[in-house]
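One structure below.
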Amino acid sequence: MKTFTYAKANDAETAVRDAHVSGAKFIAGGTNLLDLMKLQVETPEKLVDISRLPLGEIEEREDGGLTIGALVPNSDLAADPRVIAKYEVLSRALLAGASGQLRNKATTGGNLLQRTRCYYFYDTATACNKREPGAGCSAVGGFNRVLAVLGTSDHCIATHPGDMPVAMRALDATIITLKADGDKRRISIHDFYRLPGDTPNIETVLEPGELITHAELPAPPKGRQTYRKVRDRASYAFALVSVAGVVSVEDGRIASAALAFGGLGPMPWRNAAVEAALVGKAPSDAVFNAAADILLADARGYGSNDFKIPLTRRVLIATLRDLTGE
Amino acid sequence: MFGFGKGDTNALTMNTAHPDSLLDTSAQDVIGKPLDRVDGPKKVSGQATYAAEYALDDVAYGYLVRATVGTGKITDLDASVARAMPGVIDVITDYATFLRNPQQGGETSAPTQGVEDVAYHGEIIAIVVAESYEAARDAAEQVKVTYAPGEGRYSFLAHREEAEKPSTQQIPPHHKQGDVDTAMAEAVHTIDVTYTTPSQNSAAMEPHASLAVWQDGALTLYGAYQMPASDKLQLAKSLGVSADKVRIVAAFVGGGFGSKLGIAPESVAAAIAAKRLGRPVKAVMARQQVFDATVRRSNTEQRMRLGADADGRLTAIGHETLVSNLPGEDFFEPAGVATHFLYEGENRLITHDIVRLDWMLAGSMRAPGEAVGLIALEGAIDELAEKIGIDPIELRRRNEPREDPEKKVPYSSRALIPCLERGAEKFGWAQRKPAGTDRRGDWLYGIGVASAARSNMLQKSAAKVSIDGQGKAHVETDMTDIGTGTYTILAQITAEILGLPLEDVIVHLGDTDAPPGAGSGGSWGAGSSGSSVYLACEALRGQIAKAMGVAEDAMTLKDGRVIADNRSVPLAELVGEGMEATGQIAPGKQEQLFNQASYGAHFAEVAVNVVTGEVRVKRMLGVFTAGRILNAKTARSQCLGGMTFGIGCALTEELVHDPRNGKIVNRDLGEYHVPVNADVPQLEVEFLQERDIHANPLHAKGLGEVGICGAAGAIGNALYNATGVRVRDYPLTLDKLLEGLPAV
């Protein structure tokens with residue numbers, strides 16, 4: 001770990017001011033950042049500790065939606081009765097992630113920013129464009145079992161490793177931030193993440209010093225919800241592929257569908273065309289297969305992750321059956 | 001035993017059977033009981049001191065620097081930036097003396113030394129020493145090393161044709177008997193298949209750690225080591241000092257599984273740094289370094305050939321294994337080691353050849369040989385049973401040998417078939433359905449069986465036992481307890497034979513100032529060190545009888561009292577100035593005259609998701625025989641641990657080498673998948689009663705590894721029974737199953 005300076009913020013305005021310097025990072029639970037700092041994958045010059053900010057509440061709004069403070073721990077969010085009752089997909093996704101100990105410490109805001117688990121990103125002895133722009137990508141031509149098949153570039157094939165953000169993407173969450181100049185910003189989760197392109201080091205649209213203060217869920221969606229995570233061991237493993245699904249059926253036809261995927265791309269993946277291929281149709285394997293065709297049309301395997309493509313098709317079909325069946 | 005006086009040595013070489021055991025005639029009634037670990041309270045209250053935890057004054061903290069090329073020569077090591085960093089004391093290297101890799105277990109020579117020519121990615125090449133661990137670790141990242149890159153051999157598949165016969169004869173690498181090719185051609189039923197298993201890492205909870213202190217030219221090394229007696233010799237040779245100037249202390253070791261049998265690079269690095277600085281230096285490997293630069297289980301490619309007559313009687317067994325290791329390293333994963341004696345069959349070919357690769361050292365990991373060898377053998381037996389159309393247990397019954405089929409010597413004790421039969425009854429084997437037919441919702445269920453076998457070994461081991469004026473017994477040996485329960489069983493043996501309450505026995509382990517013990521490895525720890533304690537206690541019984549003035553066999557020792565001749569005298573009153581004796585056991589002719597092994601049967605039920613191919617073990621049962629069970633609770637724990645290891649071996653564990661430079665890709669516990677709680681269902685362990693009079697005076701055989709032997713094979717066979725798909729490429733991850741699963 002490199003030496004860094006440390007500032008403790010008591011209010012959000014001070015936090016963003018403190019962090020508005022080069023090399024500054026916020027720290028809350030630290031479940032990801034501290035590990036990366038020990039390995040010098042992350043080398044912040046300054047940490048602004050936001051763990052004391054008053055952002056630990058979950059509030060129900062008049063429109064029926066929830067506003068979730070950025071510091072709400074994963075375990076609290078998963079156990080919130082409103083989340084369990086109305087946003088089951090989110091609760092399930094949270095509980096599918098990490099371990100009990102990590103969920104107690106990990107926060108909502110931090111989890112949105114969890115960094116990739118690419119093996120090469122984690123090892124400073126290997127080339128990684130995400131860690132060191134221009135260095136090259138060791139994962140292409142290397143071992144890439146857990147890495148992406150959608151949205152990749154020649155510069156990076158990393159996956160976003162999260163579960164919670166996948167569910168939030170299916171739920172059309174909005175991320176609320178405070179910028180260094182004191183302005184608040186509302187960012188749809190659909191616009192929040194960036195594809196790697198030739199700048200895989202830039203993962204979100206957040207500006208330097210910009211602080212996530214809340215995540216907003218719209219009013220609960222219609223239909224059934226589920227989160228299905230496929231992984232290499234029964235717990236404490238990142239998704240090979242995961243599906244967050246919210247689907248409603250009316251009069252024998254799919255009335256609405258929201259499907260987001262983990263383990264496939266550099267961000268929680270959602271493709272409106274997949275959902276459009278479902279809405280208005282009577283549920284059938286043919287319809288589900290057509291949706292999978294659209295989802296996977298541009299999928300590309302890199303060797304050890306090729307299996308994700310047929311696996312995703314199977315999981316998507318099975319998930320849609322569950323969500324639309326009797 | 002009347003002749004023994006204070007300080008006697010009672011030595012026994014197992015040349016003849018030892019039909020009578022004091023453990024059967026003593027009266028304290030603690031042997032075999034499911035007693036809690038005597039060191040348990042220390043462990044859960046933080047009072048068990050592990051190597052890195054000794055609080056010495058003036059300790060400097062070392063952090064190891066690794067090579068970041070697969071092969072090559074170091075042309076420059078620029079530590080100027082690192083040295084100038086706050087808190088950094090020095091950056092130290094000694095290319096000639098640093099260990100290229102760890103030593104194998106039990107060796108008395110230094111491991112390969114010399115790090116300037118980098119032999120594998122992650123090799124330890126220097127140590128940064130600082131006033132804090134954090135400062136040292138930070139500075140280590142700033143050491144700039146330049147290399148002249150070398151040509152490396154990093155792909156097993158690319159070099160498999162160039163495999164060579166190991167030069168070692170410790171375990172004969174090749175055995176040929178009869179003519180397997182002809183027997184295969186003439187057999188009614190044949191199997192000719194290839195199983196592969198990947199590199200694995202022991203991933204012990206405690207990382208490798210050494211704390212080195214020099215005083216008056218002598219080194220004390222607090223180390224996480226399994227075999228202090230030979231580790232001490234390895235360390236002395238590595239450093240060029242005489243063995244009497246080296247002391248190793250390993251009182252508590254947080255798991256080893258073979259990875260701590262021999263000294264590892266951090267020991268010599270810490271010792272050199274401590275000498276240069278004139279202060280204690282502690283070097284603890286980061287988890288990633290444990291993966292990079294300790295020892296792995298070799299990957300294997302195992303061709304299994306079985307030929308049988310119409311009734312399923314084996315006529316041919318071929319088990320040809322390719323493994324990998326660094327150039328010049330003799331160790332090979334002896335995958336065929338149990339194939340030598342598990343089943344009948346006149347024509348036999350069991351070979352091991354090494355593919356030379358520039359990957360980190362391959363060495364011992366729990367049950368080297370059987371753990372992965374029985375995947376192939378027991379898988380092939382299952383395949384043969386399926387092909388012939390008979391029950392796999394019946395097939396094993398038909399091939400149960402009456403004597404060792406190669407050495408033509410009797411088994412000292414063998415209860416494989418009773419284990420299979422007891423397990424079958426308890427597990428509900430009769431309910432097994434044809435492969436691929438038991439579908440429940442989205443899950444396919446299946447059950448499988450595999451034999452367990454692990455050779456029993458006895459190693460030279462010594463221990464001193466003394467009785468103080470309070471009537472308490474003290475056991476001293478440099479034997480270790482690596483989580484296995486040694487403290488407890490040595491206390492039980494002592495308490496049993498000397499008739500003492502367990503709490504009146506104090507066991508001191510892991511200090512080479514004490515008599516040299518066998519160390520922990522190869523499942524020999526309990527039998528070997530336990531026998532040395534037995535022999536010391538036997539001698540003490542003689543001394544007690546003499547003090548009591550009675551014949552030894554007319555005397556009962558119980559609850560701290562000596563009872564004989566219508567008298568009951570507190571032991572404390574008889575010991576006078578104190579009594580002591582040393583016991584020493586050594587292997588003898590019984591090893592050659594009998595085939596000695598522990599046996600068992602594994603049963604596993606798995607469920608396979610038809611959509612994803614996810615495999616979940618639903619339940620497992622292991623029925624074992626290992627001679628006398630010294631403590632039913634710690635024995636059970638050993639087997640539970642072995643079976644859990646088997647789950648990892650079958651389903652999740654794979655140490656991945658980058659094909660471009662051999663570096664370990666998944667070098668943390670997030671990506672090297674050992675089973676977590678959710679992967680491990682209810683496991684059941686049962687022991688069948690047995691005594692082995694040829695093994696040692698305890699009549700106990702090895703237990704630490706038989707729990708893993710065959711466990712993965714049973715899971716693989718269950719997976720086949722569930723799906724009808726035979727996957728021979730381990731671990732059995734879902735990607736390998738997808739193609740064979742029903743369409744969604």
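Residues are referred to by chain and number: the chain letter is A, B, ... according to the order shown in the structure tokens, the number counts from 1 in that chain, and ligands are numbered separately from 1 in the order shown.
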
Task: Interface residues on chain A facing chain B, 10 Å, only C-alpha atoms, written as an MDAnalysis selection string - done: chainID A and resid 1:3 37:40 98 117:120 122:126 138:139 141:146 229:238 241 285 304:308 310:319

Can you tell me, as a compact mmCIF listing (two decimals) with C-alpha atoms, in the first residue's frame, which residues in range 130-336 of chain B count as helix (DSSP H, G or I) by DSSP?
# COMPACT_ATOMS: atom_id res chain seq x y z
CA TYR B 133 5.23 -4.72 7.19
CA GLU B 134 3.40 -2.01 5.28
CA ALA B 135 6.56 -0.03 4.57
CA ALA B 136 8.34 -3.17 3.40
CA ARG B 137 5.48 -4.17 1.15
CA ASP B 138 5.23 -0.72 -0.39
CA ALA B 139 8.96 -0.59 -1.03
CA ALA B 140 8.96 -4.07 -2.57
CA GLU B 141 6.74 -2.72 -5.34
CA PHE B 156 2.07 -28.97 -20.82
CA LEU B 157 0.34 -29.95 -24.03
CA ALA B 158 3.13 -28.56 -26.19
CA HIS B 159 5.80 -30.52 -24.35
CA ARG B 160 4.01 -33.68 -23.26
CA GLU B 161 5.74 -35.74 -25.92
CA GLU B 162 9.10 -34.95 -24.36
CA VAL B 180 -0.74 -55.35 -20.62
CA ASP B 181 -1.00 -54.83 -24.39
CA THR B 182 -1.58 -58.52 -25.07
CA ALA B 183 -3.91 -58.90 -22.12
CA MET B 184 -5.93 -55.93 -23.35
CA ALA B 185 -6.15 -57.47 -26.81
CA GLU B 186 -7.41 -60.71 -25.35
CA PRO B 228 11.21 -29.51 11.97
CA ALA B 229 13.80 -32.28 12.30
CA SER B 230 14.59 -32.40 8.58
CA ASP B 231 13.71 -28.75 8.00
CA LYS B 232 16.47 -27.86 10.41
CA LEU B 233 18.99 -29.83 8.36
CA GLN B 234 17.75 -28.26 5.13
CA LEU B 235 18.05 -24.80 6.61
CA ALA B 236 21.52 -25.41 8.03
CA LYS B 237 22.76 -26.72 4.68
CA SER B 238 21.18 -23.84 2.80
CA LEU B 239 22.93 -21.32 5.04
CA ALA B 243 23.02 -28.20 12.16
CA ASP B 244 23.68 -27.70 15.84
CA LYS B 245 23.56 -23.96 15.21
CA PRO B 265 12.07 -19.40 0.29
CA GLU B 266 10.99 -17.07 3.07
CA SER B 267 13.01 -19.02 5.66
CA VAL B 268 16.41 -18.42 4.10
CA ALA B 269 15.51 -14.86 3.11
CA ALA B 270 14.57 -14.07 6.71
CA ALA B 271 17.68 -15.78 8.08
CA ILE B 272 20.03 -13.93 5.75
CA ALA B 273 18.37 -10.59 6.43
CA ALA B 274 18.40 -11.15 10.18
CA LYS B 275 22.09 -11.94 10.12
CA ARG B 276 22.95 -8.89 8.05
CA LEU B 277 20.90 -6.54 10.19
CA ARG B 287 -1.39 -15.00 0.03
CA GLN B 288 -0.46 -14.41 -3.61
CA GLN B 289 3.10 -15.50 -2.89
CA VAL B 290 1.87 -18.72 -1.32
CA PHE B 291 0.23 -19.43 -4.65
CA ASP B 292 3.27 -18.28 -6.67
CA ALA B 293 6.29 -19.62 -4.87

Open item on the list: Using only C-alpha atoms, which protein or nucleic acid residues come within 8 Å of range 389-401 of chain B? Drop anything in the same chain fewer than 5 positions from it, and give the result as a PyMOL selection string.
Closed with: chain B and resi 312-314+342-345+381-382+417+420-421+449

Can you write out the residues you just picked, keeping N, CA and C atoms, as a PDB file, in the first residue's frame?
ATOM      1  N   GLY B 312     -15.798 -60.023 -15.341  1.00  0.00           N
ATOM      2  CA  GLY B 312     -15.320 -58.767 -14.747  1.00  0.00           C
ATOM      3  C   GLY B 312     -14.040 -58.923 -13.954  1.00  0.00           C
ATOM      4  N   ARG B 313     -13.408 -60.084 -14.061  1.00  0.00           N
ATOM      5  CA  ARG B 313     -12.136 -60.235 -13.339  1.00  0.00           C
ATOM      6  C   ARG B 313     -11.025 -59.586 -14.151  1.00  0.00           C
ATOM      7  N   LEU B 314     -10.295 -58.704 -13.498  1.00  0.00           N
ATOM      8  CA  LEU B 314      -9.288 -57.920 -14.211  1.00  0.00           C
ATOM      9  C   LEU B 314      -8.131 -58.810 -14.650  1.00  0.00           C
ATOM     10  N   LEU B 342      -4.372 -52.106  -5.203  1.00  0.00           N
ATOM     11  CA  LEU B 342      -5.796 -52.025  -4.854  1.00  0.00           C
ATOM     12  C   LEU B 342      -6.602 -53.193  -5.420  1.00  0.00           C
ATOM     13  N   TYR B 343      -6.269 -53.618  -6.646  1.00  0.00           N
ATOM     14  CA  TYR B 343      -7.062 -54.674  -7.278  1.00  0.00           C
ATOM     15  C   TYR B 343      -6.194 -55.774  -7.874  1.00  0.00           C
ATOM     16  N   GLU B 344      -6.814 -56.925  -8.000  1.00  0.00           N
ATOM     17  CA  GLU B 344      -6.222 -58.099  -8.642  1.00  0.00           C
ATOM     18  C   GLU B 344      -5.927 -57.784 -10.111  1.00  0.00           C
ATOM     19  N   GLY B 345      -5.177 -58.641 -10.750  1.00  0.00           N
ATOM     20  CA  GLY B 345      -4.884 -58.453 -12.179  1.00  0.00           C
ATOM     21  C   GLY B 345      -3.435 -58.808 -12.449  1.00  0.00           C
ATOM     22  N   ILE B 381     -12.771 -47.934 -13.108  1.00  0.00           N
ATOM     23  CA  ILE B 381     -13.498 -49.095 -12.559  1.00  0.00           C
ATOM     24  C   ILE B 381     -15.011 -48.892 -12.726  1.00  0.00           C
ATOM     25  N   ASP B 382     -15.453 -47.668 -12.459  1.00  0.00           N
ATOM     26  CA  ASP B 382     -16.873 -47.347 -12.623  1.00  0.00           C
ATOM     27  C   ASP B 382     -17.290 -47.509 -14.094  1.00  0.00           C
ATOM     28  N   ILE B 417     -13.569 -54.313   1.363  1.00  0.00           N
ATOM     29  CA  ILE B 417     -14.910 -54.802   1.031  1.00  0.00           C
ATOM     30  C   ILE B 417     -15.898 -54.540   2.175  1.00  0.00           C
ATOM     31  N   LEU B 420     -16.949 -50.978   1.846  1.00  0.00           N
ATOM     32  CA  LEU B 420     -17.891 -50.785   0.737  1.00  0.00           C
ATOM     33  C   LEU B 420     -19.277 -51.301   1.119  1.00  0.00           C
ATOM     34  N   GLU B 421     -19.303 -52.441   1.764  1.00  0.00           N
ATOM     35  CA  GLU B 421     -20.596 -53.043   2.082  1.00  0.00           C
ATOM     36  C   GLU B 421     -21.324 -52.274   3.180  1.00  0.00           C
ATOM     37  N   VAL B 449     -19.706 -44.254  -6.069  1.00  0.00           N
ATOM     38  CA  VAL B 449     -18.866 -44.862  -5.049  1.00  0.00           C
ATOM     39  C   VAL B 449     -17.425 -44.898  -5.548  1.00  0.00           C
TER      40      VAL B 449
END

- [ ] Compare A:Pro161, A:Gly245, A:Pro208, A:Pro133 by their minimum atom-to-atom distance to Gln225 in chain A, counting only C-alpha atoms, and give me the closest one.
- [x] A:Gly245

Task: Neighbour list for Glu132 in chain A as a list in words, cut-off 10 Å, only C-alpha atoms, skip fewer than 6 positions in-chain - done: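 With the cut-off at 10 Å, the set is Val41, Phe121, Thr124, Pro200 and Asn201 of chain A.
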
TODO: Write out as a ChimeraX atom specification all residues of range 182-300 of chain A that DSSP puts in strand (DSSP E or B) for this structure's backbone.
DONE: /A:184-188,193,204,211-217,224-230,241-250,253-262,269-270

Open item on the list: Please list as number ranges by chain every residue within 12 Å of Leu416 in chain B, counting only C-alpha atoms and excluding residues in the same chain fewer than 4 positions away.
Closed with: B: 341-343, 393, 396-397, 399-402, 411, 420-423, 450-454, 597-602, 622-626, 687-688, 690

Task: Separation of CA of Thr108 in chain A from CA of Leu211 in chain A, in Å and rounded to one decimal - done: 12.2 Å

Select from range 161-263 of chain B every residue with an atom at most 12 Å from any atom of range 45-64 of chain B, then for each give the shortest pair of atoms and their distance in Å to one decimal, using only C-alpha atoms, rows by chain and rising number, as a Markdown table.
| residue | atom | partner | partner_atom | distance |
| --- | --- | --- | --- | --- |
| B:Met205 | CA | B:Tyr50 | CA | 11.8 |
| B:Glu206 | CA | B:Tyr50 | CA | 8.7 |
| B:Pro207 | CA | B:Ala52 | CA | 9.4 |
| B:His208 | CA | B:Ala51 | CA | 8.8 |
| B:Ala209 | CA | B:Ala52 | CA | 5.9 |
| B:Ser210 | CA | B:Ala51 | CA | 6.2 |
| B:Leu211 | CA | B:Ala52 | CA | 6.4 |
| B:Ala212 | CA | B:Val59 | CA | 9.3 |
| B:Val213 | CA | B:Val59 | CA | 9.0 |
| B:Trp214 | CA | B:Val59 | CA | 11.8 |
| B:Thr220 | CA | B:Ala51 | CA | 11.4 |
| B:Leu221 | CA | B:Ala51 | CA | 8.6 |
| B:Tyr222 | CA | B:Ala51 | CA | 5.0 |
| B:Gly223 | CA | B:Ala51 | CA | 5.0 |
| B:Ala224 | CA | B:Ala51 | CA | 5.7 |
| B:Tyr225 | CA | B:Ala51 | CA | 8.9 |
| B:Gln226 | CA | B:Ala51 | CA | 12.0 |
| B:Ile248 | CA | B:Ala51 | CA | 10.1 |
| B:Val249 | CA | B:Ala51 | CA | 7.8 |
| B:Ala250 | CA | B:Ala51 | CA | 6.5 |
| B:Ala251 | CA | B:Tyr50 | CA | 7.0 |
| B:Phe252 | CA | B:Tyr50 | CA | 5.1 |
| B:Val253 | CA | B:Tyr50 | CA | 6.2 |
| B:Gly254 | CA | B:Tyr50 | CA | 7.5 |
| B:Gly255 | CA | B:Tyr50 | CA | 10.9 |

Open item on the list: If we count only C-alpha atoms and set the cut-off at 12 Å, which residues sit around Asp80 in chain A, ignoring sequence neighbours fewer than 4 positions away in its own chain? Please answer as number ranges by chain.
Closed with: A: 57-60, 66, 68, 72-76, 84-88, 90-92, 94

Just-selected residues, N, CA and C atoms written as a compact mmCIF listing (two decimals), in the first residue's frame:
# COMPACT_ATOMS: atom_id res chain seq x y z
N GLU A 57 -29.82 5.87 5.24
CA GLU A 57 -31.25 5.58 5.36
C GLU A 57 -31.84 5.08 4.04
N ILE A 58 -32.91 4.31 4.19
CA ILE A 58 -33.73 3.93 3.03
C ILE A 58 -35.08 4.59 3.23
N GLU A 59 -35.46 5.43 2.30
CA GLU A 59 -36.72 6.15 2.47
C GLU A 59 -37.68 5.86 1.33
N GLU A 60 -38.95 5.74 1.70
CA GLU A 60 -39.99 5.52 0.69
C GLU A 60 -40.51 6.87 0.24
N LEU A 66 -38.19 3.99 -3.77
CA LEU A 66 -37.28 4.05 -2.61
C LEU A 66 -36.07 4.91 -2.96
N ILE A 68 -32.35 5.24 -1.62
CA ILE A 68 -31.41 4.46 -0.81
C ILE A 68 -30.13 5.27 -0.61
N VAL A 72 -25.91 2.80 2.83
CA VAL A 72 -26.70 1.66 3.32
C VAL A 72 -25.91 0.37 3.02
N PRO A 73 -25.61 -0.41 4.05
CA PRO A 73 -24.85 -1.64 3.80
C PRO A 73 -25.64 -2.63 2.95
N ASN A 74 -24.96 -3.42 2.18
CA ASN A 74 -25.61 -4.43 1.35
C ASN A 74 -26.53 -5.33 2.16
N SER A 75 -26.09 -5.68 3.35
CA SER A 75 -26.91 -6.61 4.14
C SER A 75 -28.20 -5.94 4.61
N ASP A 76 -28.13 -4.66 4.96
CA ASP A 76 -29.34 -3.95 5.39
C ASP A 76 -30.31 -3.80 4.22
N ILE A 84 -37.58 -6.50 0.14
CA ILE A 84 -37.94 -7.91 0.00
C ILE A 84 -39.32 -8.04 -0.66
N ALA A 85 -40.26 -7.17 -0.25
CA ALA A 85 -41.64 -7.31 -0.73
C ALA A 85 -41.81 -6.80 -2.16
N LYS A 86 -41.11 -5.72 -2.49
CA LYS A 86 -41.43 -5.06 -3.77
C LYS A 86 -40.30 -5.08 -4.79
N TYR A 87 -39.11 -5.33 -4.30
CA TYR A 87 -37.95 -5.36 -5.22
C TYR A 87 -37.16 -6.64 -4.97
N GLU A 88 -37.88 -7.72 -5.07
CA GLU A 88 -37.29 -9.01 -4.74
C GLU A 88 -35.99 -9.27 -5.52
N LEU A 90 -33.75 -7.30 -6.31
CA LEU A 90 -32.61 -6.61 -5.69
C LEU A 90 -32.14 -7.35 -4.45
N SER A 91 -33.08 -7.74 -3.63
CA SER A 91 -32.72 -8.47 -2.42
C SER A 91 -31.98 -9.76 -2.77
N ARG A 92 -32.50 -10.46 -3.76
CA ARG A 92 -31.87 -11.71 -4.17
C ARG A 92 -30.46 -11.48 -4.73
N LEU A 94 -28.43 -9.04 -4.05
CA LEU A 94 -27.52 -8.68 -2.96
C LEU A 94 -27.07 -9.93 -2.20

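Minimum distance to Thr204 in chain A across A:Gly64, A:Phe261, A:Leu113, A:Ala180 (counting only C-alpha atoms) occurs at A:Leu113.
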